[in-house]
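Visitor: Pasting in a structure now, in structure tokens, and then I'll have a few things to ask.
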Protein chains: 2
Amino acid sequence: VVTLPFSKGEGLFGLGLQLKSVLLTGRKKTARVNSDPAADIGDSHAPVPFYVSTAGYGVLIDTARYASFYFGTHVEREQIEARNAEKESPPSTGTDELYRMQAAGRRVVVDIPAARGVDVYLFGGPTLLDAVRRYNLFSGGGCLPPLWGLGGWYRVYGQFDGSQVLDLAQRLRDQRIPMDVIGLEPGWHTHSYPCSFDWAQQRFPDPDGMMSELHKMGFKVNLWEHAFVHPKSPIYGAIREHCGDEMAFDGLVPDFLTPEARQVFRDHHDQALVSRGVDGFKLDECDHSDFIRYAWSFPEWSRFPSGADGEQMHSLFGLQYQHVIDDAYRRHDRRHYSLVRSSQALAAPMPYVLYSDLYDFDDFLRGVVTGGFSGLLWCPEVRHAVSVEDLVRRIQVVALSPMALVNGWYICLPPWDQIEAGLNRKGTRMDNADEATARVREAFELRMRLVPYLYTAFARYRRDGTPPFRALAMDWADDRQAWSVEDQYLIGDALMVAPVRPGCVSRSVYLPKGQWREFFTGRLIEGGQRVEVAVGLADIPLYVREGSILPLAQPVSCLSGNTVLEVTPVVYGESQASGWLYDDDGVSFAYEREEQGWVELAWSQGAERVQTKPVPAPRRFRLSTVAVMGGEG
Amino acid sequence: VVTLPFSKGEGLFGLGLQLKSVLLTGRKKTARVNSDPAADIGDSHAPVPFYVSTAGYGVLIDTARYASFYFGTHVEREQIEARNAEKESPPSTGTDELYRMQAAGRRVVVDIPAARGVDVYLFGGPTLLDAVRRYNLFSGGGCLPPLWGLGGWYRVYGQFDGSQVLDLAQRLRDQRIPMDVIGLEPGWHTHSYPCSFDWAQQRFPDPDGMMSELHKMGFKVNLWEHAFVHPKSPIYGAIREHCGDEMAFDGLVPDFLTPEARQVFRDHHDQALVSRGVDGFKLDECDHSDFIRYAWSFPEWSRFPSGADGEQMHSLFGLQYQHVIDDAYRRHDRRHYSLVRSSQALAAPMPYVLYSDLYDFDDFLRGVVTGGFSGLLWCPEVRHAVSVEDLVRRIQVVALSPMALVNGWYICLPPWDQIEAGLNRKGTRMDNADEATARVREAFELRMRLVPYLYTAFARYRRDGTPPFRALAMDWADDRQAWSVEDQYLIGDALMVAPVRPGCVSRSVYLPKGQWREFFTGRLIEGGQRVEVAVGLADIPLYVREGSILPLAQPVSCLSGNTVLEVTPVVYGESQASGWLYDDDGVSFAYEREEQGWVELAWSQGAERVQTKPVPAPRRFRLSTVAVMGGEG
């Protein structure tokens, strides 16, 4: 049991990915890996035993055990007795007393039943955001994805064969929807529950040829898998002795805490897949949920050769799995950007985005908001939709998230061609497909416009630990109204997103203190207030901090190869504005070995160009003349 | 970790009160005390580490730790490898493989992370029902409530004063709704969160006088409380050193595992309340839920003088609390029937019925079904209702449950006078109050008719452990269709209840093999089938096993004092029928010291009276001539 001080008025945040609520103060939460967090009890795909305070510090409890955090929940006896001695209690008013708000305690208590002791790391501030930065830097700094990772992503029907994959890829190009990555789902394996990690010859007789075609079309290739090894997999024999004693999905569970399991798994992936052109992976099922109808992961009483038990392994499995795959790319000096369904502490340097099979709109939005407190990235993936409006609203969110992913794993056409799954699989376009496609194209083109700004935000994540996607509470830690905002977030320092729920024709937006401009119109709005904003289906409430320069690109269909983007520095302001642009080769780890392409941007009223320091040496971004969104808008 | 064998085709049930599902096979469930079980993960007000099998045995894991049960969830590696060696796996069909039903393992594994070892008790059969009986007898036999406990219960508005309580009691009599118990809610204390255990003088200047009046009117008195001690309580000083180090609801948590805490708490209740006329208690908040917005119970890291920690104490607290209060009544040779919100293993002898603040209709029905596997009783308490239909349907269920309780703690008039709470508190009757009252009266009169039959079922619970309320799977363990019935149950051996959900005009009823008769019409129906039954608001589908005699009473307003009920033996059958009637003084523990009033009933076609063995010596029940519900109905 670890007891830590906690003062009246502190706001606490973090604990990794939390889909059910943001503020931790006054709550008990147990950091337990669980892909089906039905209640707001801490369960998460990616719980992290790290929290930060608005008082400006962070606390990491270094454990792989399920730890329960009591954030000021319990008042001490002495405090209660002193209170009762001081004043007479009012006479009972019966039910009025019922369920009253309890006075908050003055402790954070961390209860780790299975641990005999634990290391505690404290991260200084002086601000909450500084504490998060220090935590991310301690982790090794944030990840910098390859440039293409920030483009559009599309996962195709799981039953497609190679030529159908190519047809779908061509369809996306024909529809002029910017897309960079094609993802394949379980059907590419000979066996996928558990996984064989080899190509199904019947469907994919020439995987190298298919990948080559996709690359020529400007697509990267991402492969779905999980780590549980099928008895027929080529690695079964070699990895068998380095696995847990219990199975998951009837497959071996590699003990990634042993060098032997890591090596077998990594080498196979390198030789059979990475070296042959696979650009990244989707690491599924590495979280846990044995509370649903059919238990599918290894049990907590499992034993592993490394000495870990199932509970510890559940906490570590997702992150270790990330490292194994990441190592295969490091060897080739190739950056990748991948998906993963579980993570844990100190994960900021890993270029993976979390996702889920859950699908609640508000939960998915909250994932973007909460992940940033603990070095995580979250993708509010779009799958099905009940209407065109639902589809468009979801795509507007995902286009403004760490990964702009549409997952069509169970439909043949993209969902904007046909919402209804049965008709979709029959190949029938819906009547309003053109309008839906137009709205979706707009959202992905907006994504493309933002790429230089986003890439710069990620470069900063790497350099100083500032989360590229983060809650308002991180920048306005002294603003209690900002603490409770669960449906807005910042991208970088200058841009605030307020997504619109399906079914809404307006929404309330909280503008923290300061001055803001509407992204699309440049209209000036005073902060420190809530405003009600009317929205049409094409509208996404986006706000820019006054005095910012956003480097925005001319949209292109994809970011592959050596594509150089035309970037307009867009000034939001009247007199002065500033910003940054980061540029490098976009694909390798050269940034670790050579000078980096940081360019400071500055603008003053009347100037026709932004001033740059140093003079930019364009790699992937070429600056054009300024556009000003100033005045009264 | 305890591993137990488990064979293909076994059905497993139990684990105490389970509101979310009935069948355990193929599931993981953690037996954790929690009043807000949002998901079907084992959490419950009253988890019991005991399960029974359709193969005819029971297993008790003797632990107060949160234990996780894996009921055949995981397949062993050898089994998987053997399977894969035998036959070629079919080629991958991609997503077809996804989320397929996993082959069930052949083990039950119990994981108790915090225990170094555990005692395991096995209960023989030969049938599942026998195993349950043996468990209940090992526990000390089932409870036998006082006769009045089986009448109607009504809890009054928490803000009433003494004279308002008497007015409401009189209103119930005027409405001719059979009622035996008046319950008071938190307002009777000077302090109730936490509790003072003393009468609020302003509202209740003469509690003895009020209780005396209620007794004269034929009512028993039940008092709400929880065990957490207010600093101003008369017992605070005496109990302070025998409490946990952490508080709950800002009150002391008595360590009921110490004789000192038990004595202080029991003696105060005896002298101040039991001896002065209180007939029973409602023991609230003794479960746990610190996952909701405000943590209200003691944390799991609490320490107690007995050596228990908070986790152990949560498992034991409700049951120990029951014993402390029960002891106070035992001293006076008075039976009581009380309410409690938590229980655990070996609780069958305790005369308490579990209840909840949850309110889902299906969950509440499931509580009646699941409790009987582990020596528990459950009350699907009626509070608010969204319509007269909702009210009536809920009252029909509660009238056929272990405790026929309506809880009007937040309304002034009974809910059948006014559904809408705001209008109710203003004293405004609704237009259709007369019809609602008539339907409610019918349900409570049905309850009264069943009292001799029910009392006999409880006497059998005491004598041979047969649960008076139980799942169909208990009597038809070899019928897989019966296993999955979650919305029907047996009362005693002869009567099956199939409650109707609000909003339904018909329901599907599963009739296990054998012959059945409709309770109200005597119509014969062949079992071994599902039937669709049309229902009006007054209808309750009730079925009697062919060949049964049900001792049914002439309804009376209450069962107080020495009321002797006129009991008609009602024959359901054509040629032969049999049954039992149990009779005693209904209030004391004399049944433990003297011969018990068991009367065997037998009837043959054409007889005008049932044959009785021995000749009955009426105490509370006087047998009249027979009524026959036979022929084709």
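Letters for chains follow the order of the structure tokens (A, B, ...), residue numbers begin at 1 for each chain, and ligand numbers begin at 1 in the order shown.
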Need to verify the contact set: A:His332, 10 Å, only C-alpha atoms, exclusion of same-chain residues closer than 4 positions in sequence. Can you return it as a list in words?
Guide: Asp270, Val274, Ser275, Asp327, Ala328, Ser588 and Phe589 of chain A
Visitor: Hey, could you make a per-residue contact list for stretch 374-465 of chain B against stretch 180-193 of chain B with 9 Å as the cut-off, showing the nearest pair of atoms and its distance in Å to one decimal, counting only C-alpha atoms, sorted by chain and number, as a Markdown table?
Guide:
| residue | atom | partner | partner_atom | distance |
| --- | --- | --- | --- | --- |
| B:Leu405 | CA | B:Val181 | CA | 8.9 |
| B:Asn407 | CA | B:Gly183 | CA | 8.3 |
| B:Trp409 | CA | B:Glu185 | CA | 6.4 |
Visitor: Set the distance at 12 Å and use only C-alpha atoms: which residues neighbour B:Ile235 once local chain neighbours fewer than 2 positions away are removed? I'd like the list as a PDB file with N, CA, C and O atoms, in the first residue's frame.
Guide:
ATOM      1  N   CYS B 195     -24.613   6.036  11.165  1.00  0.00           N
ATOM      2  CA  CYS B 195     -25.773   5.784  12.018  1.00  0.00           C
ATOM      3  C   CYS B 195     -25.475   6.043  13.495  1.00  0.00           C
ATOM      4  O   CYS B 195     -24.391   5.748  13.984  1.00  0.00           O
ATOM      5  N   SER B 196     -26.518   6.542  14.190  1.00  0.00           N
ATOM      6  CA  SER B 196     -26.403   6.744  15.633  1.00  0.00           C
ATOM      7  C   SER B 196     -27.109   5.642  16.419  1.00  0.00           C
ATOM      8  O   SER B 196     -26.802   5.430  17.586  1.00  0.00           O
ATOM      9  N   PHE B 197     -28.071   4.957  15.828  1.00  0.00           N
ATOM     10  CA  PHE B 197     -28.824   3.887  16.492  1.00  0.00           C
ATOM     11  C   PHE B 197     -29.629   4.403  17.680  1.00  0.00           C
ATOM     12  O   PHE B 197     -29.762   3.730  18.702  1.00  0.00           O
ATOM     13  N   ASP B 198     -30.124   5.629  17.567  1.00  0.00           N
ATOM     14  CA  ASP B 198     -31.016   6.155  18.611  1.00  0.00           C
ATOM     15  C   ASP B 198     -32.147   6.936  17.942  1.00  0.00           C
ATOM     16  O   ASP B 198     -31.982   7.460  16.849  1.00  0.00           O
ATOM     17  N   ALA B 227     -24.209  -0.385   9.649  1.00  0.00           N
ATOM     18  CA  ALA B 227     -23.402  -0.674  10.841  1.00  0.00           C
ATOM     19  C   ALA B 227     -22.331   0.370  11.119  1.00  0.00           C
ATOM     20  O   ALA B 227     -21.602   0.249  12.106  1.00  0.00           O
ATOM     21  N   PHE B 228     -22.230   1.400  10.253  1.00  0.00           N
ATOM     22  CA  PHE B 228     -21.139   2.366  10.417  1.00  0.00           C
ATOM     23  C   PHE B 228     -21.545   3.397  11.458  1.00  0.00           C
ATOM     24  O   PHE B 228     -22.597   4.022  11.347  1.00  0.00           O
ATOM     25  N   VAL B 229     -20.684   3.588  12.468  1.00  0.00           N
ATOM     26  CA  VAL B 229     -21.078   4.245  13.712  1.00  0.00           C
ATOM     27  C   VAL B 229     -20.741   5.734  13.696  1.00  0.00           C
ATOM     28  O   VAL B 229     -19.578   6.122  13.518  1.00  0.00           O
ATOM     29  N   HIS B 230     -21.745   6.546  13.914  1.00  0.00           N
ATOM     30  CA  HIS B 230     -21.586   8.004  13.945  1.00  0.00           C
ATOM     31  C   HIS B 230     -20.838   8.426  15.217  1.00  0.00           C
ATOM     32  O   HIS B 230     -21.052   7.844  16.268  1.00  0.00           O
ATOM     33  N   PRO B 231     -19.966   9.444  15.105  1.00  0.00           N
ATOM     34  CA  PRO B 231     -19.260   9.908  16.309  1.00  0.00           C
ATOM     35  C   PRO B 231     -20.198  10.293  17.457  1.00  0.00           C
ATOM     36  O   PRO B 231     -19.787  10.238  18.620  1.00  0.00           O
ATOM     37  N   LYS B 232     -21.431  10.666  17.164  1.00  0.00           N
ATOM     38  CA  LYS B 232     -22.360  11.036  18.240  1.00  0.00           C
ATOM     39  C   LYS B 232     -23.197   9.852  18.731  1.00  0.00           C
ATOM     40  O   LYS B 232     -24.089  10.025  19.563  1.00  0.00           O
ATOM     41  N   SER B 233     -22.959   8.673  18.170  1.00  0.00           N
ATOM     42  CA  SER B 233     -23.750   7.518  18.595  1.00  0.00           C
ATOM     43  C   SER B 233     -23.395   7.138  20.030  1.00  0.00           C
ATOM     44  O   SER B 233     -22.237   7.242  20.434  1.00  0.00           O
ATOM     45  N   GLY B 237     -17.941   5.481  21.709  1.00  0.00           N
ATOM     46  CA  GLY B 237     -16.803   5.355  22.618  1.00  0.00           C
ATOM     47  C   GLY B 237     -16.464   3.902  22.924  1.00  0.00           C
ATOM     48  O   GLY B 237     -15.298   3.505  22.896  1.00  0.00           O
ATOM     49  N   ALA B 238     -17.503   3.110  23.184  1.00  0.00           N
ATOM     50  CA  ALA B 238     -17.275   1.720  23.589  1.00  0.00           C
ATOM     51  C   ALA B 238     -16.758   0.857  22.452  1.00  0.00           C
ATOM     52  O   ALA B 238     -16.015  -0.107  22.669  1.00  0.00           O
ATOM     53  N   ILE B 239     -17.120   1.193  21.226  1.00  0.00           N
ATOM     54  CA  ILE B 239     -16.759   0.327  20.110  1.00  0.00           C
ATOM     55  C   ILE B 239     -15.513   0.803  19.365  1.00  0.00           C
ATOM     56  O   ILE B 239     -14.935   0.075  18.559  1.00  0.00           O
ATOM     57  N   ARG B 240     -15.078   2.026  19.698  1.00  0.00           N
ATOM     58  CA  ARG B 240     -14.034   2.681  18.901  1.00  0.00           C
ATOM     59  C   ARG B 240     -12.770   1.840  18.753  1.00  0.00           C
ATOM     60  O   ARG B 240     -12.191   1.748  17.665  1.00  0.00           O
ATOM     61  N   GLU B 241     -12.350   1.201  19.811  1.00  0.00           N
ATOM     62  CA  GLU B 241     -11.094   0.440  19.750  1.00  0.00           C
ATOM     63  C   GLU B 241     -11.255  -0.910  19.058  1.00  0.00           C
ATOM     64  O   GLU B 241     -10.280  -1.629  18.881  1.00  0.00           O
ATOM     65  N   HIS B 242     -12.461  -1.241  18.687  1.00  0.00           N
ATOM     66  CA  HIS B 242     -12.704  -2.552  18.078  1.00  0.00           C
ATOM     67  C   HIS B 242     -13.203  -2.390  16.653  1.00  0.00           C
ATOM     68  O   HIS B 242     -14.077  -3.121  16.197  1.00  0.00           O
ATOM     69  N   CYS B 243     -12.643  -1.394  15.995  1.00  0.00           N
ATOM     70  CA  CYS B 243     -13.089  -1.051  14.637  1.00  0.00           C
ATOM     71  C   CYS B 243     -11.896  -1.009  13.688  1.00  0.00           C
ATOM     72  O   CYS B 243     -10.745  -0.969  14.126  1.00  0.00           O
ATOM     73  N   GLY B 251     -18.101   6.960   9.211  1.00  0.00           N
ATOM     74  CA  GLY B 251     -18.397   6.310  10.488  1.00  0.00           C
ATOM     75  C   GLY B 251     -17.418   5.184  10.765  1.00  0.00           C
ATOM     76  O   GLY B 251     -16.731   4.689   9.861  1.00  0.00           O
ATOM     77  N   LEU B 252     -17.339   4.770  12.025  1.00  0.00           N
ATOM     78  CA  LEU B 252     -16.496   3.635  12.395  1.00  0.00           C
ATOM     79  C   LEU B 252     -17.031   2.352  11.783  1.00  0.00           C
ATOM     80  O   LEU B 252     -18.239   2.170  11.663  1.00  0.00           O
ATOM     81  N   PRO B 254     -17.276  -1.374  12.663  1.00  0.00           N
ATOM     82  CA  PRO B 254     -17.040  -2.357  13.731  1.00  0.00           C
ATOM     83  C   PRO B 254     -16.389  -3.615  13.175  1.00  0.00           C
ATOM     84  O   PRO B 254     -16.751  -4.082  12.094  1.00  0.00           O
ATOM     85  N   GLU B 260     -15.630  -8.311  21.196  1.00  0.00           N
ATOM     86  CA  GLU B 260     -15.918  -7.021  21.825  1.00  0.00           C
ATOM     87  C   GLU B 260     -16.856  -6.178  20.957  1.00  0.00           C
ATOM     88  O   GLU B 260     -17.834  -5.615  21.448  1.00  0.00           O
ATOM     89  N   ALA B 261     -16.565  -6.085  19.682  1.00  0.00           N
ATOM     90  CA  ALA B 261     -17.422  -5.288  18.804  1.00  0.00           C
ATOM     91  C   ALA B 261     -18.811  -5.918  18.705  1.00  0.00           C
ATOM     92  O   ALA B 261     -19.824  -5.212  18.742  1.00  0.00           O
ATOM     93  N   ARG B 262     -18.837  -7.236  18.598  1.00  0.00           N
ATOM     94  CA  ARG B 262     -20.140  -7.917  18.523  1.00  0.00           C
ATOM     95  C   ARG B 262     -20.971  -7.604  19.760  1.00  0.00           C
ATOM     96  O   ARG B 262     -22.160  -7.309  19.674  1.00  0.00           O
ATOM     97  N   GLN B 263     -20.312  -7.660  20.930  1.00  0.00           N
ATOM     98  CA  GLN B 263     -21.047  -7.463  22.172  1.00  0.00           C
ATOM     99  C   GLN B 263     -21.591  -6.044  22.302  1.00  0.00           C
ATOM    100  O   GLN B 263     -22.772  -5.845  22.632  1.00  0.00           O
ATOM    101  N   VAL B 264     -20.760  -5.053  22.042  1.00  0.00           N
ATOM    102  CA  VAL B 264     -21.209  -3.662  22.167  1.00  0.00           C
ATOM    103  C   VAL B 264     -22.389  -3.416  21.227  1.00  0.00           C
ATOM    104  O   VAL B 264     -23.411  -2.834  21.613  1.00  0.00           O
ATOM    105  N   PHE B 265     -22.242  -3.890  20.016  1.00  0.00           N
ATOM    106  CA  PHE B 265     -23.260  -3.629  18.991  1.00  0.00           C
ATOM    107  C   PHE B 265     -24.554  -4.382  19.313  1.00  0.00           C
ATOM    108  O   PHE B 265     -25.652  -3.835  19.259  1.00  0.00           O
ATOM    109  N   ARG B 266     -24.410  -5.641  19.685  1.00  0.00           N
ATOM    110  CA  ARG B 266     -25.584  -6.476  19.978  1.00  0.00           C
ATOM    111  C   ARG B 266     -26.304  -5.980  21.233  1.00  0.00           C
ATOM    112  O   ARG B 266     -27.526  -5.846  21.248  1.00  0.00           O
ATOM    113  N   ASP B 267     -25.543  -5.667  22.275  1.00  0.00           N
ATOM    114  CA  ASP B 267     -26.177  -5.264  23.529  1.00  0.00           C
ATOM    115  C   ASP B 267     -26.947  -3.964  23.355  1.00  0.00           C
ATOM    116  O   ASP B 267     -28.047  -3.815  23.883  1.00  0.00           O
ATOM    117  N   HIS B 268     -26.367  -3.038  22.609  1.00  0.00           N
ATOM    118  CA  HIS B 268     -27.109  -1.799  22.379  1.00  0.00           C
ATOM    119  C   HIS B 268     -28.403  -2.082  21.615  1.00  0.00           C
ATOM    120  O   HIS B 268     -29.471  -1.561  21.957  1.00  0.00           O
ATOM    121  N   HIS B 269     -28.307  -2.893  20.571  1.00  0.00           N
ATOM    122  CA  HIS B 269     -29.513  -3.191  19.797  1.00  0.00           C
ATOM    123  C   HIS B 269     -30.548  -3.913  20.643  1.00  0.00           C
ATOM    124  O   HIS B 269     -31.742  -3.642  20.545  1.00  0.00           O
ATOM    125  N   ALA B 272     -31.786  -1.174  23.546  1.00  0.00           N
ATOM    126  CA  ALA B 272     -32.435   0.058  23.075  1.00  0.00           C
ATOM    127  C   ALA B 272     -33.540  -0.214  22.064  1.00  0.00           C
ATOM    128  O   ALA B 272     -34.435   0.620  21.888  1.00  0.00           O
TER     129      ALA B 272
END
Visitor: Which residues are near A:Gly522? Cut-off 10 Å, only C-alpha atoms, ignore same chain within fewer than 5 positions. Put them as a PyMOL selection string.
Guide: chain A and resi 516-517+543-544+546+571-573+628-633
Visitor: Excluding stretch 306-318 of chain B and its own-chain neighbours fewer than 3 positions away, which residues fall within 6 Å of it when counting only C-alpha atoms? Please give them as a list in words.
Guide: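 After dropping sequence-adjacent residues, the list is Ala64, Arg65, Thr258, Cys286, Pro299, Glu300, Trp301, Ser302, Arg303, Tyr321, Ser342 and Ser343 of chain B.
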Visitor: From stretch 503-591 of chain B, collect each residue whose DSSP state is strand (DSSP E or B) and return the set as a PyMOL selection string.
Guide: chain B and resi 506-511+515-518+524-526+529-534+542-545+548-553+565-572+576-583
Visitor: Mind pulling up the distance from atom CA of A:Leu581 to atom CA of A:Thr456?
Guide: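 Straight-line distance from atom CA of A:Thr456 to atom CA of A:Leu581 works out to 5.6 Å.
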